[in-house]
Amino acid sequence: MAAEQATKRAARPALVRVHALSKRYVQRRIFSRDKFVVDALKNVDVEIPPDCLTALVGESGSGKSTLASCLAMLETPDSGEIWFEGREISRAAACELESLRPKIQMVFQDSSGALNPRFSAAQIIAEPLEIQRRVSGRKLRQRTCELMEEVGLSADWADRSAHEFSGGQRQRLAIARALALRPTLLILDESLSGLDLVTQAQILNLLAEIRIAHSLTCLLISHDLSLVGQVADHIAVMHKGTIIERDTRQQVFESPRHAHTRELLAATRTIASAFRAERPGSE
Ligand SMILES: Nc1ncnc2c1ncn2[C@@H]1O[C@H](COP(=O)(O)OP(=O)(O)O)[C@@H](O)[C@H]1O
Ligand SMILES: [Mg+2]
């Protein structure tokens with residue numbers, strides 16, 4: 001049954017198609033006037049299949065966040081194409097962008113920085129709905145409480161401010177805010193980093209539930225292949241600004257094609273065995 005569903009999904013066109021995407025930044029050396037160029041994205045080609053969880057992995061500085069920001073239309077690429085639901089969005093007109101933006105939502109790693117600490121949970125979740133003028137008044141409050149419950153937060157906490165929530169609860173809050181606009185694509189950029197193992201597992205379970213409930217396509221970004229590799233349908237590996245490999249999780253884990261992917265997998269296994277060796281009572 002699961003294999004049948006996977007075959008059906010694979011037959012559908014990609015939700016996102018990125019072609020030859022490039023983005024260059026000019027940086028300045030610390031304590032110097034010297035400038036140098038960083039090619040954050042170099043001719044990136046990648047596809048994100050619909051209704052799947054794709055993990056985007058790679059070491060720090062490999063260009064993951066830059067790619068995510070381009071997909072979420074928060075950053076403009078220098079060249080290349082981004083196709084979303086069959087439309088080219090990297091050069092879309094401003095009015096078209098307004099209708100597209102709600103469909104692609106992003107959750108950032110540092111949720112405490114992204115969520116206004118002076119706002120209550122309800123205000124944080126309601127803000128995008130108010131900006132988009134989707135609902136107001138009693139309906140807005142009702143929708144906010146529904147979203148809180150959906151991400152596993154009690155609606156009794158609606159009037160508490162963001163700083164009263166733990167790290168994991170703030171991630172749930174950020175996810176509820178992102179879900180408010182009923183996106184098609186949810187991008188989570190290092191959202192699990194900095195959380196303890198139990199909380200990471202809880203957030204991954206939550207993702208699995210909301211993905212099904214909302215027919216969401218997820219792009220889960222992490223430098224940690226061991227973490228996201230377990231839950232992903234597909235894995236895309238980034239290295240020095242390019243996607244070096246994208247395939248099903250099984251294919252990447254069992255027959256990685258690129259030497260760098262093999263290095264990432266070896267590091268994953270080393271960490272796992274070191275962790276087992278450190279546990280009391282382990283052989
Ligand atoms: N706004 C920016 N200005 C200058 N350089 C940037 C900017 N954003 C990213 N970079 C550079 O682009 C490269 C890729 O960064 P990033 O996309 O954040 O990688 P990752 O998310 O994989 O850690 C890095 O060398 C980073 O310093
Ligand atoms: Mg990043």
# chains A, B, ... in the order shown; residues from 1 in each chain; ligands from 1

$ closest_atom_pairs --of "range 24-140 of chain A" --to "range 227-250 of chain A" --cutoff "9 Å" --atoms "only C-alpha atoms" --output "Markdown table"
| residue | atom | partner | partner_atom | distance |
| --- | --- | --- | --- | --- |
| A:Asp39 | CA | A:Gly241 | CA | 6.6 |
| A:Ala40 | CA | A:Gly241 | CA | 5.1 |
| A:Leu41 | CA | A:Gly241 | CA | 4.2 |
| A:Lys42 | CA | A:Gly241 | CA | 5.2 |
| A:Asn43 | CA | A:Thr242 | CA | 6.6 |
| A:Val44 | CA | A:Thr242 | CA | 5.2 |
| A:Asp45 | CA | A:Ile243 | CA | 6.6 |
| A:Val46 | CA | A:Ile243 | CA | 6.9 |
| A:Glu47 | CA | A:Arg246 | CA | 8.4 |
| A:Ile48 | CA | A:His234 | CA | 8.5 |
| A:Pro49 | CA | A:His234 | CA | 8.5 |
| A:Cys52 | CA | A:Asp233 | CA | 6.1 |
| A:Leu53 | CA | A:Ala232 | CA | 5.2 |
| A:Thr54 | CA | A:His234 | CA | 4.6 |
| A:Ala55 | CA | A:Ile235 | CA | 4.8 |
| A:Leu56 | CA | A:Ala236 | CA | 4.9 |
| A:Val57 | CA | A:Val237 | CA | 5.0 |
| A:Gly58 | CA | A:Met238 | CA | 4.8 |
| A:Glu59 | CA | A:His239 | CA | 7.2 |
| A:Gly61 | CA | A:Lys240 | CA | 7.4 |
| A:Ser62 | CA | A:Lys240 | CA | 4.6 |
| A:Gly63 | CA | A:Gly241 | CA | 5.0 |
| A:Lys64 | CA | A:Met238 | CA | 7.0 |
| A:Leu67 | CA | A:Gly241 | CA | 8.9 |

$ write_last_selection --atoms "N, CA and C atoms" --output "CSV table (one decimal), in the first residue's frame"
chain,number,residue,atom,x,y,z
A,39,ASP,N,30.3,32.6,-3.7
A,39,ASP,CA,29.2,32.0,-4.5
A,39,ASP,C,28.4,31.1,-3.6
A,40,ALA,N,27.3,31.7,-3.0
A,40,ALA,CA,26.5,30.9,-2.1
A,40,ALA,C,25.7,29.8,-2.9
A,41,LEU,N,25.3,30.1,-4.1
A,41,LEU,CA,24.6,29.1,-4.9
A,41,LEU,C,25.3,29.1,-6.3
A,42,LYS,N,25.6,28.0,-6.8
A,42,LYS,CA,26.3,27.9,-8.1
A,42,LYS,C,25.6,26.9,-9.0
A,43,ASN,N,24.7,27.4,-9.9
A,43,ASN,CA,24.1,26.6,-10.8
A,43,ASN,C,23.3,25.4,-10.2
A,44,VAL,N,22.5,25.8,-9.2
A,44,VAL,CA,21.7,24.7,-8.4
A,44,VAL,C,20.6,24.2,-9.3
A,45,ASP,N,20.5,22.9,-9.4
A,45,ASP,CA,19.4,22.2,-10.0
A,45,ASP,C,18.8,21.2,-9.0
A,46,VAL,N,17.6,21.4,-8.7
A,46,VAL,CA,16.9,20.4,-7.7
A,46,VAL,C,15.4,20.4,-7.9
A,47,GLU,N,14.8,19.3,-7.5
A,47,GLU,CA,13.3,19.2,-7.6
A,47,GLU,C,12.8,18.8,-6.2
A,48,ILE,N,11.7,19.3,-5.9
A,48,ILE,CA,11.0,18.9,-4.6
A,48,ILE,C,9.7,18.3,-5.0
A,49,PRO,N,9.6,17.0,-4.7
A,49,PRO,CA,8.3,16.3,-5.1
A,49,PRO,C,7.2,16.7,-4.2
A,52,CYS,N,5.7,15.2,0.0
A,52,CYS,CA,6.8,14.4,0.5
A,52,CYS,C,7.6,15.3,1.5
A,53,LEU,N,8.4,14.6,2.3
A,53,LEU,CA,9.4,15.4,3.1
A,53,LEU,C,10.8,15.2,2.5
A,54,THR,N,11.3,16.3,2.0
A,54,THR,CA,12.6,16.3,1.4
A,54,THR,C,13.6,16.9,2.5
A,55,ALA,N,14.7,16.2,2.7
A,55,ALA,CA,15.7,16.8,3.6
A,55,ALA,C,16.8,17.4,2.8
A,56,LEU,N,17.1,18.6,3.2
A,56,LEU,CA,18.3,19.3,2.5
A,56,LEU,C,19.4,19.4,3.5
A,57,VAL,N,20.5,18.6,3.2
A,57,VAL,CA,21.6,18.5,4.2
A,57,VAL,C,22.9,19.0,3.6
A,58,GLY,N,23.8,19.3,4.4
A,58,GLY,CA,25.1,19.8,4.0
A,58,GLY,C,25.7,20.6,5.1
A,59,GLU,N,27.1,20.7,5.1
A,59,GLU,CA,27.7,21.3,6.2
A,59,GLU,C,27.4,22.8,6.2
A,61,GLY,N,27.5,26.6,5.8
A,61,GLY,CA,28.1,27.5,4.7
A,61,GLY,C,27.9,26.9,3.4
A,62,SER,N,27.2,25.7,3.2
A,62,SER,CA,27.1,25.1,1.9
A,62,SER,C,26.1,25.8,1.0
A,63,GLY,N,25.2,26.7,1.6
A,63,GLY,CA,24.3,27.4,0.8
A,63,GLY,C,22.8,27.0,1.1
A,64,LYS,N,22.5,26.2,2.1
A,64,LYS,CA,21.2,25.7,2.3
A,64,LYS,C,20.2,26.9,2.6
A,67,LEU,N,19.5,29.0,-0.5
A,67,LEU,CA,18.5,28.4,-1.4
A,67,LEU,C,17.1,28.5,-0.8

$ closest_atom_pairs --of "range 178-242 of chain A" --to "range 72-93 of chain A" --cutoff "10 Å" --atoms "only C-alpha atoms" --output "CSV"
residue,atom,partner,partner_atom,distance
A:Thr184,CA,A:Glu85,CA,9.5
A:Leu185,CA,A:Ala72,CA,9.2
A:Leu186,CA,A:Ala72,CA,9.3
A:Ile187,CA,A:Ala72,CA,8.1

$ closest_residue --among "A:Ile203, A:Leu265, A:Leu15, A:Leu129" --to "Pro50 in chain A" --atoms "only C-alpha atoms"
A:Leu15

$ closest_atom_pairs --of "chain A" --to "ligand 2" --cutoff "8 Å" --atoms "only C-alpha atoms and all ligand atoms" --output "Markdown table"
| residue | atom | partner | partner_atom_place_in_ligand_line | distance |
| --- | --- | --- | --- | --- |
| A:Ser60 | CA | ligand 2 | 1 (Mg) | 6.5 |
| A:Gly61 | CA | ligand 2 | 1 (Mg) | 6.9 |
| A:Gly63 | CA | ligand 2 | 1 (Mg) | 7.0 |
| A:Lys64 | CA | ligand 2 | 1 (Mg) | 5.5 |
| A:Ser65 | CA | ligand 2 | 1 (Mg) | 4.1 |
| A:Thr66 | CA | ligand 2 | 1 (Mg) | 7.4 |
| A:Asp189 | CA | ligand 2 | 1 (Mg) | 6.6 |
| A:Glu190 | CA | ligand 2 | 1 (Mg) | 6.8 |
| A:Ile221 | CA | ligand 2 | 1 (Mg) | 7.9 |
| A:Ser222 | CA | ligand 2 | 1 (Mg) | 7.8 |

$ closest_residue --among "A:Arg134, A:Lys103, A:Arg28, A:Arg33" --to "ligand 1" --atoms "only C-alpha atoms and all ligand atoms"
A:Arg28

$ select_by_dssp --residues "range 109-251 of chain A" --states "alpha helix (DSSP H)" --output "VMD selection string"
chain A and resid 111 to 114 121 to 131 137 to 150 167 to 179 197 to 213 225 to 228 249 to 251

$ atom_distance --atom1 "CA of Val135 in chain A" --atom2 "CA of Phe119 in chain A"
18.8 Å

$ closest_residue --among "A:Val252, A:Ala208, A:Leu220, A:Ile104" --to "ligand 1" --atoms "only C-alpha atoms and all ligand atoms"
A:Leu220

$ closest_residue --among "A:Ser166, A:Ser191, A:Ser136, A:Gln105" --to "ligand 1" --atoms "only C-alpha atoms and all ligand atoms"
A:Ser191

$ residues_around --residues "Asp51 in chain A" --least-positions-apart "6" --cutoff "8 Å" --atoms "only C-alpha atoms" --output "PyMOL selection string"
chain A and resi 9+211+215-218

$ residues_around --residues "Leu153 in chain A" --least-positions-apart "6" --cutoff "12 Å" --atoms "only C-alpha atoms" --output "ChimeraX atom specification"
/A:121-122,144-147,160,165-166,168-176,206

$ closest_residue --among "A:Val26, A:Ala201, A:Arg143, A:Glu209" --to "ligand 1" --atoms "only C-alpha atoms and all ligand atoms"
A:Val26

$ closest_residue --among "A:Ala180, A:Leu204, A:Leu225, A:Cys95" --to "Leu192 in chain A" --atoms "only C-alpha atoms"
A:Leu204

$ select_by_dssp --residues "range 27-266 of chain A" --states "strand (DSSP E or B)" --output "compact mmCIF listing (two decimals) with N, CA and C atoms, in the first residue's frame"
# COMPACT_ATOMS: atom_id res chain seq x y z
N GLN A 27 31.52 39.97 0.33
CA GLN A 27 31.79 40.12 1.76
C GLN A 27 33.08 40.91 1.96
N ARG A 28 33.23 41.44 3.18
CA ARG A 28 34.44 42.20 3.50
C ARG A 28 35.17 41.48 4.63
N LYS A 35 37.56 43.24 -0.18
CA LYS A 35 36.29 42.56 -0.45
C LYS A 35 36.57 41.25 -1.15
N PHE A 36 35.70 40.29 -0.96
CA PHE A 36 35.82 39.03 -1.71
C PHE A 36 34.42 38.51 -1.99
N VAL A 37 34.38 37.64 -2.98
CA VAL A 37 33.09 37.16 -3.47
C VAL A 37 32.81 35.76 -2.94
N VAL A 38 31.55 35.53 -2.54
CA VAL A 38 31.15 34.19 -2.10
C VAL A 38 30.04 33.71 -3.02
N ASP A 39 30.28 32.58 -3.69
CA ASP A 39 29.23 32.00 -4.52
C ASP A 39 28.38 31.08 -3.64
N ALA A 40 27.33 31.67 -3.04
CA ALA A 40 26.49 30.89 -2.11
C ALA A 40 25.71 29.81 -2.86
N LEU A 41 25.27 30.12 -4.08
CA LEU A 41 24.59 29.13 -4.93
C LEU A 41 25.27 29.15 -6.29
N LYS A 42 25.63 27.96 -6.78
CA LYS A 42 26.31 27.87 -8.08
C LYS A 42 25.55 26.90 -8.97
N ASN A 43 24.75 27.44 -9.86
CA ASN A 43 24.07 26.57 -10.83
C ASN A 43 23.27 25.43 -10.19
N VAL A 44 22.47 25.79 -9.20
CA VAL A 44 21.75 24.75 -8.44
C VAL A 44 20.58 24.19 -9.27
N ASP A 45 20.54 22.88 -9.36
CA ASP A 45 19.42 22.17 -9.99
C ASP A 45 18.85 21.22 -8.96
N VAL A 46 17.55 21.35 -8.67
CA VAL A 46 16.94 20.42 -7.71
C VAL A 46 15.42 20.41 -7.90
N GLU A 47 14.81 19.30 -7.54
CA GLU A 47 13.34 19.20 -7.59
C GLU A 47 12.83 18.80 -6.22
N ILE A 48 11.66 19.34 -5.86
CA ILE A 48 11.01 18.93 -4.60
C ILE A 48 9.70 18.27 -4.97
N LEU A 53 8.44 14.61 2.27
CA LEU A 53 9.38 15.35 3.11
C LEU A 53 10.76 15.20 2.47
N THR A 54 11.29 16.31 2.01
CA THR A 54 12.63 16.30 1.44
C THR A 54 13.58 16.92 2.45
N ALA A 55 14.67 16.23 2.75
CA ALA A 55 15.68 16.78 3.65
C ALA A 55 16.77 17.41 2.80
N LEU A 56 17.14 18.65 3.16
CA LEU A 56 18.26 19.32 2.49
C LEU A 56 19.40 19.35 3.50
N VAL A 57 20.46 18.59 3.21
CA VAL A 57 21.56 18.49 4.17
C VAL A 57 22.87 18.97 3.56
N SER A 79 20.71 34.65 -11.05
CA SER A 79 20.28 34.04 -12.32
C SER A 79 19.67 32.67 -12.03
N GLY A 80 19.02 32.12 -13.04
CA GLY A 80 18.39 30.81 -12.89
C GLY A 80 16.89 30.92 -12.73
N GLU A 81 16.26 29.78 -12.56
CA GLU A 81 14.78 29.73 -12.52
C GLU A 81 14.30 28.95 -11.31
N ILE A 82 13.16 29.42 -10.75
CA ILE A 82 12.46 28.65 -9.71
C ILE A 82 11.02 28.48 -10.19
N TRP A 83 10.63 27.24 -10.39
CA TRP A 83 9.27 26.95 -10.81
C TRP A 83 8.50 26.38 -9.63
N PHE A 84 7.33 26.97 -9.32
CA PHE A 84 6.51 26.49 -8.22
C PHE A 84 5.10 26.27 -8.76
N ARG A 87 4.64 27.46 -12.20
CA ARG A 87 4.84 28.88 -12.56
C ARG A 87 6.26 29.30 -12.20
N GLU A 88 6.84 30.14 -13.07
CA GLU A 88 8.19 30.63 -12.79
C GLU A 88 8.08 31.78 -11.80
N ILE A 104 4.17 29.55 0.38
CA ILE A 104 5.48 29.04 0.79
C ILE A 104 5.84 29.70 2.12
N GLN A 105 5.84 28.93 3.18
CA GLN A 105 6.11 29.49 4.50
C GLN A 105 7.39 28.89 5.07
N MET A 106 8.08 29.70 5.87
CA MET A 106 9.37 29.26 6.38
C MET A 106 9.41 29.36 7.91
N VAL A 107 9.98 28.36 8.55
CA VAL A 107 10.20 28.38 10.00
C VAL A 107 11.71 28.42 10.21
N SER A 120 1.80 38.08 22.48
CA SER A 120 1.26 36.84 23.07
C SER A 120 1.26 35.77 21.97
N SER A 161 3.02 35.32 26.81
CA SER A 161 3.95 35.85 25.81
C SER A 161 4.99 34.80 25.42
N LEU A 185 3.90 24.60 0.66
CA LEU A 185 5.27 24.20 0.96
C LEU A 185 5.71 24.82 2.28
N LEU A 186 6.17 23.96 3.20
CA LEU A 186 6.67 24.45 4.50
C LEU A 186 8.18 24.16 4.54
N ILE A 187 8.96 25.24 4.73
CA ILE A 187 10.42 25.08 4.80
C ILE A 187 10.85 25.28 6.25
N LEU A 188 11.54 24.31 6.80
CA LEU A 188 12.02 24.42 8.18
C LEU A 188 13.54 24.47 8.15
N ASP A 189 14.09 25.66 8.43
CA ASP A 189 15.53 25.84 8.31
C ASP A 189 16.20 25.63 9.66
N THR A 217 3.88 19.73 1.60
CA THR A 217 5.19 19.32 1.14
C THR A 217 6.18 20.02 2.06
N CYS A 218 7.14 19.26 2.61
CA CYS A 218 8.08 19.87 3.56
C CYS A 218 9.51 19.79 3.05
N LEU A 219 10.24 20.88 3.29
CA LEU A 219 11.68 20.89 3.05
C LEU A 219 12.32 21.11 4.41
N LEU A 220 12.97 20.07 4.91
CA LEU A 220 13.56 20.11 6.25
C LEU A 220 15.07 20.26 6.09
N ILE A 221 15.57 21.42 6.53
CA ILE A 221 16.98 21.73 6.31
C ILE A 221 17.78 21.46 7.58
N SER A 222 18.90 20.76 7.41
CA SER A 222 19.74 20.50 8.57
C SER A 222 21.17 20.20 8.15
N HIS A 234 12.92 11.92 0.65
CA HIS A 234 14.00 12.21 -0.30
C HIS A 234 15.09 13.00 0.43
N ILE A 235 16.31 12.86 -0.04
CA ILE A 235 17.42 13.62 0.55
C ILE A 235 18.16 14.34 -0.57
N ALA A 236 18.38 15.64 -0.36
CA ALA A 236 19.22 16.42 -1.29
C ALA A 236 20.46 16.84 -0.51
N VAL A 237 21.62 16.60 -1.09
CA VAL A 237 22.87 16.93 -0.39
C VAL A 237 23.50 18.15 -1.06
N MET A 238 23.83 19.16 -0.24
CA MET A 238 24.44 20.39 -0.76
C MET A 238 25.90 20.46 -0.36
N HIS A 239 26.72 20.94 -1.26
CA HIS A 239 28.15 21.06 -0.98
C HIS A 239 28.71 22.22 -1.78
N THR A 242 26.37 23.87 -4.42
CA THR A 242 25.65 23.08 -5.43
C THR A 242 24.98 21.87 -4.79
N ILE A 243 23.96 21.36 -5.48
CA ILE A 243 23.33 20.11 -5.04
C ILE A 243 24.12 18.98 -5.70
N ILE A 244 24.75 18.17 -4.90
CA ILE A 244 25.61 17.13 -5.49
C ILE A 244 24.86 15.81 -5.64
N GLU A 245 23.74 15.67 -4.95
CA GLU A 245 23.01 14.40 -5.00
C GLU A 245 21.59 14.61 -4.51
N ARG A 246 20.60 14.03 -5.22
CA ARG A 246 19.23 14.02 -4.69
C ARG A 246 18.59 12.71 -5.11
N ASP A 247 18.09 12.03 -4.11
CA ASP A 247 17.48 10.74 -4.40
C ASP A 247 16.59 10.34 -3.22
N THR A 248 16.01 9.14 -3.32
CA THR A 248 15.21 8.66 -2.20
C THR A 248 16.16 8.40 -1.02

$ atom_distance --atom1 "atom 21 (O, counted along the ligand's line) of ligand 1" --atom2 "CA of Ser69 in chain A"
9.6 Å

$ atom_distance --atom1 "CA of Ala178 in chain A" --atom2 "CA of Pro128 in chain A"
8.4 Å
